[in-house]
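File shown: start.cif. Contents: mmCIF, C-alpha atoms.
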```cif
data_input
#
loop_
_atom_site.label_atom_id
_atom_site.label_comp_id
_atom_site.auth_asym_id
_atom_site.auth_seq_id
_atom_site.Cartn_x
_atom_site.Cartn_y
_atom_site.Cartn_z
CA MET U 1 86.75 41.15 72.60
CA SER U 2 84.14 40.43 75.19
CA ILE U 3 82.19 43.21 76.78
CA ASP U 4 81.61 42.91 80.49
CA ILE U 5 78.02 43.88 80.95
CA SER U 6 78.30 43.84 84.73
CA VAL U 7 80.04 47.20 84.61
CA LYS U 8 77.56 49.82 85.63
CA ALA U 9 77.63 53.24 84.13
CA PHE U 10 78.46 55.91 86.67
CA GLU U 11 78.05 59.58 86.03
CA GLY U 12 81.31 60.15 87.88
CA PRO U 13 83.32 59.31 90.99
CA LEU U 14 80.72 60.82 93.33
CA ASP U 15 78.03 58.73 91.70
CA LEU U 16 80.16 55.62 92.16
CA LEU U 17 80.82 56.45 95.83
CA LEU U 18 77.12 57.02 96.49
CA SER U 19 76.30 53.74 94.87
CA LEU U 20 78.85 51.92 97.09
CA ILE U 21 77.50 53.66 100.18
CA LYS U 22 73.99 52.56 99.31
CA GLU U 23 75.04 49.03 98.40
CA LYS U 24 76.94 48.54 101.67
CA ARG U 25 74.31 50.38 103.70
CA ILE U 26 76.90 52.74 105.08
CA ASP U 27 76.03 55.78 107.17
CA ILE U 28 77.03 58.69 104.97
CA TYR U 29 77.94 60.77 108.04
CA ASP U 30 80.31 58.14 109.37
CA ILE U 31 81.98 56.54 106.37
CA PRO U 32 84.42 53.75 107.20
CA ILE U 33 87.13 55.19 105.00
CA SER U 34 89.32 52.13 104.53
CA GLU U 35 86.37 49.93 103.62
CA ILE U 36 85.05 52.44 101.09
CA THR U 37 88.51 53.11 99.64
CA LYS U 38 89.03 49.39 99.13
CA ALA U 39 85.64 48.96 97.43
CA TYR U 40 86.21 52.06 95.32
CA LEU U 41 89.61 50.89 94.11
CA GLU U 42 88.19 47.48 93.27
CA GLU U 43 85.51 49.12 91.18
CA VAL U 44 88.07 51.26 89.33
CA LYS U 45 90.21 48.17 88.76
CA HIS U 46 87.15 46.46 87.37
CA MET U 47 86.65 49.33 84.93
CA GLU U 48 90.25 49.01 83.76
CA ASP U 49 89.91 45.25 83.31
CA SER U 50 86.80 45.80 81.22
CA GLU U 51 88.93 47.82 78.82
CA TYR U 52 86.97 50.92 79.51
CA GLU U 53 89.08 53.99 79.57
CA VAL U 54 89.01 55.12 83.17
CA ALA U 55 88.40 58.84 83.30
CA THR U 56 90.91 61.01 85.17
CA GLU U 57 88.20 62.08 87.61
CA PHE U 58 87.99 58.56 89.01
CA ILE U 59 91.74 58.50 89.62
CA VAL U 60 91.64 61.90 91.31
CA MET U 61 88.95 60.61 93.69
CA ALA U 62 91.02 57.52 94.45
CA ALA U 63 93.87 59.82 95.47
CA THR U 64 91.51 61.91 97.62
CA LEU U 65 90.25 58.80 99.41
CA MET U 66 93.77 57.63 100.13
CA GLU U 67 94.72 61.06 101.40
CA ILE U 68 91.78 61.03 103.82
CA LYS U 69 92.68 57.51 104.91
CA ALA U 70 96.26 58.61 105.61
CA LYS U 71 95.07 61.64 107.60
CA MET U 72 92.80 59.44 109.72
CA LEU U 73 95.73 57.19 110.57
CA LEU U 74 98.02 60.00 111.64
CA PRO U 75 98.09 60.87 115.32
CA LYS U 76 95.85 63.83 116.01
CA PRO U 77 97.65 67.04 116.92
CA GLN U 78 97.03 68.48 120.36
CA LEU U 79 94.45 71.22 120.17
CA GLU U 80 93.27 73.99 122.41
CA GLU U 81 90.22 72.96 124.40
CA ASP U 82 87.72 75.15 122.59
CA GLU U 83 88.98 74.17 119.16
CA GLU U 84 86.94 71.64 117.21
CA GLN U 85 88.68 68.62 115.84
CA GLU U 86 88.25 68.72 112.05
CA ASP U 87 87.25 65.36 110.60
CA PRO U 88 89.28 64.72 107.42
CA ARG U 89 86.13 63.27 105.86
CA THR U 90 83.98 66.38 106.26
CA GLU U 91 84.73 67.96 102.90
CA LEU U 92 84.05 64.77 101.00
CA VAL U 93 80.82 64.11 102.95
CA ASN U 94 79.61 67.62 102.15
CA ARG U 95 80.28 67.08 98.48
CA LEU U 96 78.53 63.72 98.52
CA ILE U 97 75.44 65.08 100.23
CA LEU U 98 75.20 68.07 97.91
CA TYR U 99 75.65 65.86 94.87
CA LYS U 100 73.06 63.38 96.16
CA GLN U 101 70.54 66.18 96.56
CA PHE U 102 71.03 67.28 92.98
CA LYS U 103 70.77 63.71 91.78
CA GLU U 104 67.40 63.48 93.49
CA ALA U 105 66.41 66.88 92.12
CA ALA U 106 67.21 65.42 88.68
CA GLY U 107 64.86 62.55 89.51
CA TYR U 108 62.18 65.03 90.45
CA LEU U 109 62.64 66.81 87.11
CA TYR U 110 62.37 63.50 85.30
CA GLU U 111 59.05 62.74 87.02
CA ASN U 112 57.78 66.15 86.02
CA PHE U 113 58.91 65.49 82.48
CA GLU U 114 56.96 62.21 82.47
CA ASP U 115 53.82 63.94 83.76
CA GLN U 116 54.25 66.74 81.28
CA SER U 117 54.62 64.37 78.35
CA ARG U 118 50.99 63.43 78.91
CA VAL U 119 49.88 67.03 78.63
CA PHE U 120 49.04 68.12 75.14
CA ALA U 121 49.35 71.76 74.18
CA ARG U 122 49.93 73.38 70.83
CA ASP U 123 53.54 74.13 71.59
CA ASN U 124 54.69 70.64 72.47
CA ILE U 125 52.91 68.47 69.94
CA ASN U 126 54.68 70.21 67.05
CA GLN U 127 58.06 69.89 68.66
CA ILE U 128 58.00 66.16 69.09
CA LEU U 129 59.30 65.38 65.63
CA LEU U 130 62.13 67.89 65.69
CA GLU U 131 63.25 66.84 69.15
CA GLU U 132 63.46 63.24 68.07
CA LEU U 133 65.92 64.24 65.42
CA ARG U 134 68.25 66.16 67.63
CA PRO U 135 71.32 64.12 68.45
CA ASP U 136 72.80 64.38 71.90
CA HIS U 137 76.36 64.23 70.69
CA ASP U 138 78.58 66.58 68.79
CA LEU U 139 78.76 65.93 65.11
CA ARG U 140 82.07 66.28 63.44
CA ASN U 141 82.18 67.05 59.73
CA LEU U 142 79.05 69.10 60.06
CA GLU U 143 79.87 72.38 58.45
CA VAL U 144 76.23 73.34 58.34
CA SER U 145 74.30 74.42 61.40
CA MET U 146 71.73 71.98 62.77
CA THR U 147 69.04 74.60 62.20
CA GLU U 148 69.87 74.87 58.51
CA LEU U 149 69.98 71.12 58.14
CA LEU U 150 66.61 70.78 59.84
CA SER U 151 65.05 73.41 57.61
CA ALA U 152 66.38 71.55 54.58
CA LEU U 153 64.73 68.43 56.00
CA LYS U 154 61.52 70.34 56.52
CA VAL U 155 61.53 71.39 52.87
CA VAL U 156 61.83 67.81 51.61
CA LEU U 157 59.26 66.60 54.12
CA GLU U 158 56.73 69.21 53.06
CA ALA U 159 57.24 68.30 49.43
CA LYS U 160 56.11 64.79 50.33
CA ARG U 161 52.98 65.90 52.09
CA ASP U 162 50.50 65.27 49.28
CA GLU U 163 51.73 61.82 48.45
CA ASP U 164 51.72 60.85 52.07
CA GLU U 165 48.07 61.64 52.56
CA ILE U 166 46.74 59.41 49.84
CA SER U 167 48.82 56.39 50.72
CA SER U 168 47.04 53.90 52.89
CA LEU U 169 49.50 51.06 52.49
CA PRO U 170 50.69 49.27 55.60
CA ARG U 171 53.76 50.85 57.09
CA GLU U 172 57.02 49.58 55.72
CA GLN U 173 59.63 48.46 58.18
CA ILE U 174 62.70 50.53 57.49
CA THR U 175 65.58 50.49 59.92
CA ILE U 176 68.25 53.10 60.38
CA GLU U 177 70.77 50.31 59.86
CA ASP U 178 69.35 49.64 56.36
CA GLN U 179 69.56 53.29 55.46
CA ILE U 180 73.09 53.59 56.81
CA ASN U 181 74.18 50.79 54.48
CA TRP U 182 72.31 52.28 51.57
CA LEU U 183 73.62 55.82 52.13
CA GLU U 184 77.18 54.65 52.51
CA LEU U 185 77.13 52.68 49.26
CA TYR U 186 75.24 55.33 47.34
CA LEU U 187 77.50 58.18 48.41
CA GLU U 188 80.63 56.13 47.81
CA GLU U 189 79.54 55.97 44.22
CA LYS U 190 78.28 59.51 43.84
CA ARG U 191 80.85 61.23 46.10
CA ASP U 192 79.02 64.57 46.41
CA LEU U 193 75.31 65.06 46.19
CA LEU U 194 72.86 67.86 46.79
CA PHE U 195 70.87 67.32 49.98
CA SER U 196 67.62 68.08 48.17
CA GLU U 197 68.53 65.74 45.32
CA LEU U 198 69.40 62.89 47.69
CA PHE U 199 66.25 63.22 49.74
CA GLY U 200 64.16 63.83 46.65
CA LEU U 201 64.85 60.21 45.74
CA LEU U 202 63.01 58.93 48.78
CA LYS U 203 59.43 57.84 48.48
CA SER U 204 57.88 58.52 51.86
CA LYS U 205 58.14 60.75 54.90
CA VAL U 206 59.13 57.84 57.10
CA LEU U 207 61.91 56.96 54.70
CA ILE U 208 63.10 60.57 54.68
CA VAL U 209 63.20 60.78 58.45
CA VAL U 210 64.95 57.42 58.89
CA THR U 211 67.47 58.30 56.19
CA PHE U 212 68.08 61.65 57.84
CA MET U 213 68.93 59.88 61.09
CA ALA U 214 71.21 57.52 59.15
CA LEU U 215 72.91 60.58 57.67
CA LEU U 216 73.54 62.02 61.13
CA GLU U 217 74.98 58.72 62.28
CA LEU U 218 77.33 58.53 59.28
CA VAL U 219 78.44 62.11 59.86
CA HIS U 220 79.12 61.16 63.46
CA ARG U 221 81.17 58.18 62.33
CA GLY U 222 83.11 60.40 59.95
CA VAL U 223 82.02 58.58 56.79
CA LEU U 224 80.01 61.48 55.43
CA GLY U 225 80.27 65.21 55.75
CA VAL U 226 77.74 67.94 55.16
CA SER U 227 78.78 71.25 53.68
CA GLN U 228 77.23 74.38 52.33
CA THR U 229 78.14 76.42 49.26
CA ASP U 230 78.05 80.19 48.95
CA SER U 231 74.66 79.93 47.28
CA SER U 232 73.52 78.20 50.50
CA GLU U 233 72.95 74.85 48.81
CA ILE U 234 73.56 71.98 51.20
CA TYR U 235 75.73 69.11 49.98
CA VAL U 236 76.34 65.66 51.39
CA ASN U 237 79.96 64.58 50.85
CA TYR U 238 81.60 61.19 50.97
CA LEU U 239 84.69 61.29 53.19
CA GLY U 240 85.87 57.71 53.13
CA VAL U 241 85.64 54.40 54.90
CA ALA U 242 85.73 54.94 58.61
CA SER U 243 88.03 52.01 59.21
CA LEU U 244 89.55 53.62 62.26
CA THR U 245 86.32 54.50 63.96
CA VAL U 246 84.55 51.20 63.42
CA GLU U 247 84.06 49.64 66.80
CA GLU U 248 85.59 46.24 67.31
CA GLU U 249 83.20 43.56 68.30
CA MET Y 250 41.43 98.78 70.35
CA ILE Y 251 39.95 101.03 72.97
CA GLY Y 252 36.69 100.22 74.66
CA LEU Y 253 36.44 96.51 74.03
CA SER Y 254 33.19 95.06 75.29
CA PRO Y 255 33.69 92.20 77.76
CA SER Y 256 32.36 89.61 75.35
CA LYS Y 257 34.59 90.84 72.54
CA ALA Y 258 37.60 91.03 74.86
CA LYS Y 259 37.09 87.42 75.93
CA LYS Y 260 36.70 86.35 72.32
CA ILE Y 261 39.95 88.05 71.36
CA LEU Y 262 41.87 86.67 74.32
CA GLU Y 263 40.62 83.22 73.48
CA ALA Y 264 41.71 83.53 69.86
CA VAL Y 265 45.13 84.91 70.78
CA LEU Y 266 45.76 82.08 73.25
CA PHE Y 267 44.56 79.52 70.75
CA MET Y 268 47.08 80.72 68.16
CA ALA Y 269 50.01 81.41 70.49
CA PRO Y 270 52.96 79.04 70.11
CA GLU Y 271 53.90 79.42 73.78
CA PRO Y 272 52.28 80.41 77.09
CA LEU Y 273 51.51 84.13 77.21
CA SER Y 274 51.80 86.25 80.33
CA THR Y 275 49.04 88.60 81.41
CA GLY Y 276 51.53 91.41 80.71
CA LYS Y 277 51.91 90.30 77.11
CA LEU Y 278 48.14 89.86 76.69
CA SER Y 279 47.53 93.29 78.15
CA GLU Y 280 50.05 94.77 75.72
CA LEU Y 281 48.30 93.10 72.78
CA THR Y 282 44.76 94.03 73.71
CA SER Y 283 45.22 97.37 75.50
CA LEU Y 284 43.31 95.89 78.42
CA THR Y 285 44.80 96.33 81.87
CA GLU Y 286 46.49 93.33 83.45
CA ASN Y 287 43.71 93.15 86.01
CA GLU Y 288 41.11 93.05 83.27
CA VAL Y 289 43.06 90.37 81.44
CA SER Y 290 43.28 88.23 84.60
CA SER Y 291 39.60 88.57 85.30
CA PHE Y 292 38.62 87.72 81.70
CA LEU Y 293 40.95 84.73 81.77
CA LYS Y 294 39.17 83.49 84.89
CA ASP Y 295 35.86 83.86 83.05
CA ILE Y 296 37.17 81.93 80.05
CA GLU Y 297 38.51 79.20 82.33
CA GLN Y 298 35.19 78.95 84.13
CA ASP Y 299 33.24 78.85 80.85
CA LEU Y 300 35.37 75.96 79.63
CA ILE Y 301 34.70 74.02 82.83
CA ASP Y 302 30.99 74.89 82.93
CA HIS Y 303 30.47 73.73 79.37
CA ASP Y 304 32.75 70.70 79.75
CA ARG Y 305 34.80 71.66 76.73
CA GLY Y 306 37.70 69.77 75.18
CA VAL Y 307 40.35 72.29 76.16
CA ARG Y 308 41.39 73.80 79.47
CA LEU Y 309 43.32 76.88 80.43
CA GLU Y 310 46.56 76.15 82.24
CA THR Y 311 48.92 78.47 84.09
CA ILE Y 312 52.51 77.59 83.32
CA ALA Y 313 55.91 79.28 83.01
CA GLY Y 314 54.56 82.65 84.05
CA GLY Y 315 51.82 82.57 81.44
CA VAL Y 316 48.66 80.79 80.34
CA ARG Y 317 47.96 78.41 77.49
CA PHE Y 318 45.31 76.03 76.27
CA VAL Y 319 45.86 72.34 76.93
CA ALA Y 320 43.81 69.38 75.80
CA CYS Y 321 41.53 67.72 78.32
CA LYS Y 322 42.66 64.45 79.94
CA GLU Y 323 40.05 62.40 78.09
CA ALA Y 324 41.62 63.29 74.74
CA GLU Y 325 45.08 61.96 75.67
CA PRO Y 326 44.91 58.57 73.94
CA TYR Y 327 43.60 60.16 70.76
CA LEU Y 328 46.26 62.84 70.77
CA LEU Y 329 48.89 60.22 71.36
CA GLU Y 330 47.60 58.53 68.23
CA LEU Y 331 47.75 61.86 66.41
CA SER Y 332 51.39 62.29 67.35
CA GLN Y 333 51.93 58.69 66.22
CA GLY Y 334 52.80 57.48 69.66
CA GLN Y 335 55.92 59.54 69.71
CA LYS Y 336 56.91 60.90 73.04
CA ARG Y 337 59.31 63.68 73.68
CA ASN Y 338 62.88 62.56 73.80
CA PRO Y 339 63.93 62.34 77.43
CA LEU Y 340 67.20 63.88 78.56
CA SER Y 341 70.12 61.69 79.57
CA PRO Y 342 70.70 61.23 83.34
CA ALA Y 343 73.83 63.38 83.05
CA ALA Y 344 71.96 66.20 81.30
CA LEU Y 345 69.20 66.04 83.92
CA GLU Y 346 71.77 66.30 86.71
CA VAL Y 347 73.35 69.35 85.10
CA LEU Y 348 69.94 70.89 84.57
CA ALA Y 349 68.98 70.27 88.21
CA ILE Y 350 72.16 71.99 89.37
CA ILE Y 351 71.59 74.97 87.08
CA SER Y 352 67.96 75.32 88.12
CA TYR Y 353 68.90 75.62 91.80
CA MET Y 354 72.20 77.46 91.57
CA GLN Y 355 71.62 79.85 88.68
CA PRO Y 356 73.35 81.81 87.41
CA ILE Y 357 76.25 79.38 87.52
CA THR Y 358 79.44 78.74 85.54
CA ARG Y 359 80.50 75.49 83.94
CA THR Y 360 83.39 75.04 86.38
CA GLU Y 361 81.04 75.39 89.33
CA ILE Y 362 78.78 72.71 87.87
CA ASP Y 363 81.77 70.43 87.25
CA GLU Y 364 82.86 70.86 90.87
CA ILE Y 365 79.50 69.71 92.19
CA ARG Y 366 79.31 66.70 89.89
CA GLY Y 367 82.98 65.75 90.04
CA VAL Y 368 83.04 65.29 86.26
CA SER Y 369 83.04 67.45 83.16
CA SER Y 370 79.61 68.68 82.11
CA GLU Y 371 80.60 70.18 78.80
CA SER Y 372 78.61 67.94 76.48
CA SER Y 373 75.50 68.02 78.69
CA ILE Y 374 75.60 71.81 78.68
CA GLY Y 375 75.79 71.67 74.87
CA THR Y 376 72.70 69.46 74.75
CA LEU Y 377 70.76 71.71 77.12
CA LEU Y 378 71.70 74.85 75.17
CA ASP Y 379 70.69 73.08 71.98
CA ARG Y 380 67.29 72.25 73.37
CA GLY Y 381 66.82 75.78 74.61
CA LEU Y 382 66.40 74.66 78.24
CA ILE Y 383 69.28 76.82 79.42
CA ALA Y 384 70.85 80.00 78.07
CA GLU Y 385 73.95 82.08 78.54
CA VAL Y 386 72.97 85.02 80.70
CA GLY Y 387 76.23 86.89 81.13
CA ARG Y 388 79.71 86.54 82.49
CA LYS Y 389 80.95 86.17 86.01
CA GLU Y 390 83.28 88.90 87.27
CA ALA Y 391 86.03 86.41 87.99
CA PRO Y 392 89.32 85.48 86.34
CA GLY Y 393 88.65 84.47 82.75
CA ARG Y 394 85.17 86.01 82.91
CA PRO Y 395 83.45 82.60 82.62
CA ILE Y 396 80.00 82.30 81.03
CA LEU Y 397 77.03 82.14 83.39
CA PHE Y 398 74.14 79.80 82.63
CA ALA Y 399 70.51 79.98 83.72
CA THR Y 400 67.32 78.12 82.90
CA THR Y 401 64.87 79.48 80.31
CA LYS Y 402 61.12 79.83 80.01
CA ALA Y 403 61.22 76.69 77.85
CA PHE Y 404 62.62 74.87 80.89
CA LEU Y 405 59.53 75.80 82.92
CA VAL Y 406 57.21 74.67 80.13
CA TYR Y 407 59.15 71.45 79.60
CA PHE Y 408 58.80 70.46 83.25
CA GLY Y 409 55.34 71.93 83.80
CA LEU Y 410 56.40 74.55 86.34
CA LYS Y 411 54.66 77.86 86.95
CA ASP Y 412 57.92 79.47 88.04
CA LEU Y 413 61.20 78.59 89.73
CA THR Y 414 59.76 78.90 93.24
CA GLU Y 415 57.70 75.81 92.47
CA LEU Y 416 60.85 73.70 92.67
CA PRO Y 417 61.00 71.89 96.04
CA GLU Y 418 63.64 73.06 98.52
CA LEU Y 419 66.90 71.26 97.86
CA SER Y 420 67.02 70.12 101.49
CA GLU Y 421 63.76 68.24 100.95
CA PHE Y 422 65.57 65.72 98.78
CA LYS Y 423 66.45 63.05 101.29
CA GLU Y 424 65.66 59.41 101.27
CA PRO Y 425 65.32 58.29 104.87
CA ASP Y 426 66.40 54.73 104.12
CA ASP Y 427 69.63 55.97 102.63
CA ILE Y 428 70.75 58.21 105.38
CA GLU Y 429 70.71 56.13 108.48
CA ASN Y 430 71.81 58.82 110.88
CA THR Y 431 68.60 60.20 112.33
CA ASN Y 432 70.22 63.31 113.65
CA PRO Y 433 72.41 64.60 110.86
CA PRO Y 434 74.64 67.56 111.53
CA SER Y 435 73.84 70.48 109.28
CA LEU Y 436 76.64 70.21 106.81
CA VAL Y 437 74.99 71.95 103.90
CA GLU Y 438 73.65 75.40 104.10
#
```

Structure translated into structure tokens:
Amino acid sequence: MSIDISVKAFEGPLDLLLSLIKEKRIDIYDIPISEITKAYLEEVKHMEDSEYEVATEFIVMAATLMEIKAKMLLPKPQLEEDEEQEDPRTELVNRLILYKQFKEAAGYLYENFEDQSRVFARDNINQILLEELRPDHDLRNLEVSMTELLSALKVVLEAKRDEDEISSLPREQITIEDQINWLELYLEEKRDLLFSELFGLLKSKVLIVVTFMALLELVHRGVLGVSQTDSSEIYVNYLGVASLTVEEE
Amino acid sequence: MIGLSPSKAKKILEAVLFMAPEPLSTGKLSELTSLTENEVSSFLKDIEQDLIDHDRGVRLETIAGGVRFVACKEAEPYLLELSQGQKRNPLSPAALEVLAIISYMQPITRTEIDEIRGVSSESSIGTLLDRGLIAEVGRKEAPGRPILFATTKAFLVYFGLKDLTELPELSEFKEPDDIENTNPPSLVE
């Protein structure tokens, strides 16, 4: 299956519309509705062709655009003289403008974040490591809270502290991919293993951290699970080959 | 701790700020030291001035309704080395959008955020809650009593803001080259 890299990622239908408006240098206050509808539908078609699942929101927007187009084509009803003629596009334009403002506000926040990442204070230097480890997605098969898992990681990391200080060897290149393969094979054999026992096997802090990320990835893929006993021991469990979730290439 | 001499008071404030894991407000410092808030503010100014006068390695910074010590600019490359070149993990564009909406419209429900973005914001909200940048602050008196979200103090620290009023007006976000119409009707309040 080939992946069409020309497909851009849009945050949603409004994002796509804004991008089309910008691309075609359209006046947002006077949108040529048939032109934009045509371009929008082409883009959605393109998404379908690229075997991406087209989210319902995009379809809803397509319907909205066609509704507006239809309204614009209908003869305008006779109105009293002092009554304003409502433009069928007004509601959509308002939404687009509001969304655009927030998108730019998000850009402003990002710039602030960039500036702030060059400021060093006690509170942020310590958080860097933990933040790096926080995944942005939901983890299935995680029956332990992230906080508990991170404190278990902290325990094994601290245990390595002494050894880490005396080592002056050049840094080994360990990839998450390597550790994913290793973890998968190791757990397939062992089935269930204590978290502390598993991470106790690892020689260095770097290895521990990379393996921890590999663990999160395998939990996400549904290959491994993490559970906790009544005595609050954390276990890593082998759940099986994730044949269904493996992405086709 | 009654009757602290000025030099001792400054010493204590300095030590407390040095150890604090987050910016402390003058209110909090006053509570800790039994000094009045005015005294605290004036001592903080003295400390700040001392640091500048003696060209020290740390500075006092006002942020998120409090003050904290930050490293001087010159130390940046060395501190970057100390943190092994790791930078804080940036938020995804979607999460930033959601956060921008919450920061301006708070308190706000998930449905209201979804309406503005035209897509579901559920996973972004999860990420933001996880990072402590937003929090649940109550429930809206509406059908279903939906949860209301607002930004936290950590949000201000994360983006280097003194308080929410430091955010630019939403109407200021306009790129002239995007909006060709020079005389736009006021469509947004």

Find the residues of chain Y in contact range of chain U, meaning any atom within 6 Å when counting all atoms listed in the file, and list them as a compact mmCIF listing (two decimals) with C-alpha atoms, keeping the file's coordinate frame.
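Here's the written file result_8.txt:
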```txt
# COMPACT_ATOMS: atom_id res chain seq x y z
CA PRO Y 270 52.96 79.04 70.11
CA GLU Y 271 53.90 79.42 73.78
CA VAL Y 319 45.86 72.34 76.93
CA ALA Y 320 43.81 69.38 75.80
CA ARG Y 337 59.31 63.68 73.68
CA ASN Y 338 62.88 62.56 73.80
CA LEU Y 345 69.20 66.04 83.92
CA GLU Y 346 71.77 66.30 86.71
CA ALA Y 349 68.98 70.27 88.21
CA VAL Y 368 83.04 65.29 86.26
CA THR Y 376 72.70 69.46 74.75
CA PHE Y 408 58.80 70.46 83.25
CA GLY Y 409 55.34 71.93 83.80
CA PHE Y 422 65.57 65.72 98.78
CA GLU Y 429 70.71 56.13 108.48
```

What do you get, as an MDAnalysis selection string, if you spell out every residue that the PyMOL selection byres ((chain Y and resi 290-307) around 7) selects here? chainID Y and resid 259 275 286:289 308:309 318:321

Would you please work out which residue, of Y:Ala258, Y:Ile350, Y:Pro272, Y:Leu340, is nearest to Y:Leu419 when using only C-alpha atoms?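 So, comparing all the options, the nearest one is Y:Ile350.
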
Around (55.3, 83.1, 80.7) in the file's frame, which residues reach within 10 Å when counting only C-alpha atoms? Return as JSON, numbers by chain? {"Y": [271, 272, 273, 274, 275, 276, 277, 311, 312, 313, 314, 315, 316, 317, 402, 403, 405, 406, 411, 412]}

Could you save those same residues with C-alpha atoms as a short mmCIF file (atom, residue, chain, number, x, y, z; two decimals), in the frame of the given file?
```cif
data_model
loop_
_atom_site.label_atom_id
_atom_site.label_comp_id
_atom_site.auth_asym_id
_atom_site.auth_seq_id
_atom_site.Cartn_x
_atom_site.Cartn_y
_atom_site.Cartn_z
CA GLU Y 271 53.90 79.42 73.78
CA PRO Y 272 52.28 80.41 77.09
CA LEU Y 273 51.51 84.13 77.21
CA SER Y 274 51.80 86.25 80.33
CA THR Y 275 49.04 88.60 81.41
CA GLY Y 276 51.53 91.41 80.71
CA LYS Y 277 51.91 90.30 77.11
CA THR Y 311 48.92 78.47 84.09
CA ILE Y 312 52.51 77.59 83.32
CA ALA Y 313 55.91 79.28 83.01
CA GLY Y 314 54.56 82.65 84.05
CA GLY Y 315 51.82 82.57 81.44
CA VAL Y 316 48.66 80.79 80.34
CA ARG Y 317 47.96 78.41 77.49
CA LYS Y 402 61.12 79.83 80.01
CA ALA Y 403 61.22 76.69 77.85
CA LEU Y 405 59.53 75.80 82.92
CA VAL Y 406 57.21 74.67 80.13
CA LYS Y 411 54.66 77.86 86.95
CA ASP Y 412 57.92 79.47 88.04
#
```

Listed atoms of stretch 287-294 of chain Y, axis-aligned box, 8 Å per side: centre and edge lengths to one decimal in Å, as AutoDock Vina command-line options?
```
--center_x 41.2 --center_y 88.3 --center_z 83.7 --size_x 21.1 --size_y 25.7 --size_z 20.6
```

So what do you get for atom CA of U:Pro75 versus atom CA of U:Pro32, distance-wise?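 These atoms are spaced 17.4 Å apart.
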
Students should find that atom CA of U:Leu194 and atom CA of Y:Asp379 are spaced 25.8 Å

Selection in question (the file shown): the PyMOL selection byres ((chain Y and resi 357-366) around 7). Which residues does it include, as a PyMOL selection string? (chain U and resi 14+95+99) or (chain Y and resi 347+350-351+354-356+367-370+395-399)

One-decimal distance in Å that lies between atom CA of U:Val144 and atom CA of Y:Leu382: 22.2 Å

Residues picked by the PyMOL selection byres ((chain U and resi 207) around 12) here, as a ChimeraX atom specification? /U:153,156-157,160,164,171-176,178-180,182,198-206,208-215

Fix up stretch 207-218 of chain U with N, CA and C atoms, then write it as a PDB file, in the frame of the given file.
```pdb
ATOM      1  N   LEU U 207      60.624  57.260  55.311  1.00  0.00           N
ATOM      2  CA  LEU U 207      61.910  56.960  54.700  1.00  0.00           C
ATOM      3  C   LEU U 207      62.839  58.165  54.811  1.00  0.00           C
ATOM      4  N   ILE U 208      62.293  59.347  54.599  1.00  0.00           N
ATOM      5  CA  ILE U 208      63.100  60.570  54.680  1.00  0.00           C
ATOM      6  C   ILE U 208      63.650  60.743  56.091  1.00  0.00           C
ATOM      7  N   VAL U 209      62.777  60.564  57.064  1.00  0.00           N
ATOM      8  CA  VAL U 209      63.200  60.780  58.450  1.00  0.00           C
ATOM      9  C   VAL U 209      64.242  59.747  58.864  1.00  0.00           C
ATOM     10  N   VAL U 210      63.996  58.479  58.521  1.00  0.00           N
ATOM     11  CA  VAL U 210      64.950  57.420  58.890  1.00  0.00           C
ATOM     12  C   VAL U 210      66.293  57.654  58.189  1.00  0.00           C
ATOM     13  N   THR U 211      66.238  58.054  56.926  1.00  0.00           N
ATOM     14  CA  THR U 211      67.470  58.300  56.190  1.00  0.00           C
ATOM     15  C   THR U 211      68.226  59.493  56.763  1.00  0.00           C
ATOM     16  N   PHE U 212      67.459  60.478  57.227  1.00  0.00           N
ATOM     17  CA  PHE U 212      68.080  61.650  57.840  1.00  0.00           C
ATOM     18  C   PHE U 212      68.854  61.236  59.100  1.00  0.00           C
ATOM     19  N   MET U 213      68.257  60.351  59.881  1.00  0.00           N
ATOM     20  CA  MET U 213      68.930  59.880  61.090  1.00  0.00           C
ATOM     21  C   MET U 213      70.172  59.061  60.717  1.00  0.00           C
ATOM     22  N   ALA U 214      70.054  58.288  59.631  1.00  0.00           N
ATOM     23  CA  ALA U 214      71.210  57.520  59.150  1.00  0.00           C
ATOM     24  C   ALA U 214      72.324  58.469  58.727  1.00  0.00           C
ATOM     25  N   LEU U 215      71.932  59.579  58.101  1.00  0.00           N
ATOM     26  CA  LEU U 215      72.910  60.580  57.670  1.00  0.00           C
ATOM     27  C   LEU U 215      73.664  61.142  58.874  1.00  0.00           C
ATOM     28  N   LEU U 216      72.913  61.480  59.924  1.00  0.00           N
ATOM     29  CA  LEU U 216      73.540  62.020  61.130  1.00  0.00           C
ATOM     30  C   LEU U 216      74.523  61.014  61.721  1.00  0.00           C
ATOM     31  N   GLU U 217      74.117  59.756  61.721  1.00  0.00           N
ATOM     32  CA  GLU U 217      74.980  58.720  62.280  1.00  0.00           C
ATOM     33  C   GLU U 217      76.270  58.588  61.458  1.00  0.00           C
ATOM     34  N   LEU U 218      76.144  58.647  60.138  1.00  0.00           N
ATOM     35  CA  LEU U 218      77.330  58.530  59.280  1.00  0.00           C
ATOM     36  C   LEU U 218      78.239  59.747  59.402  1.00  0.00           C
TER      37      LEU U 218
END
```
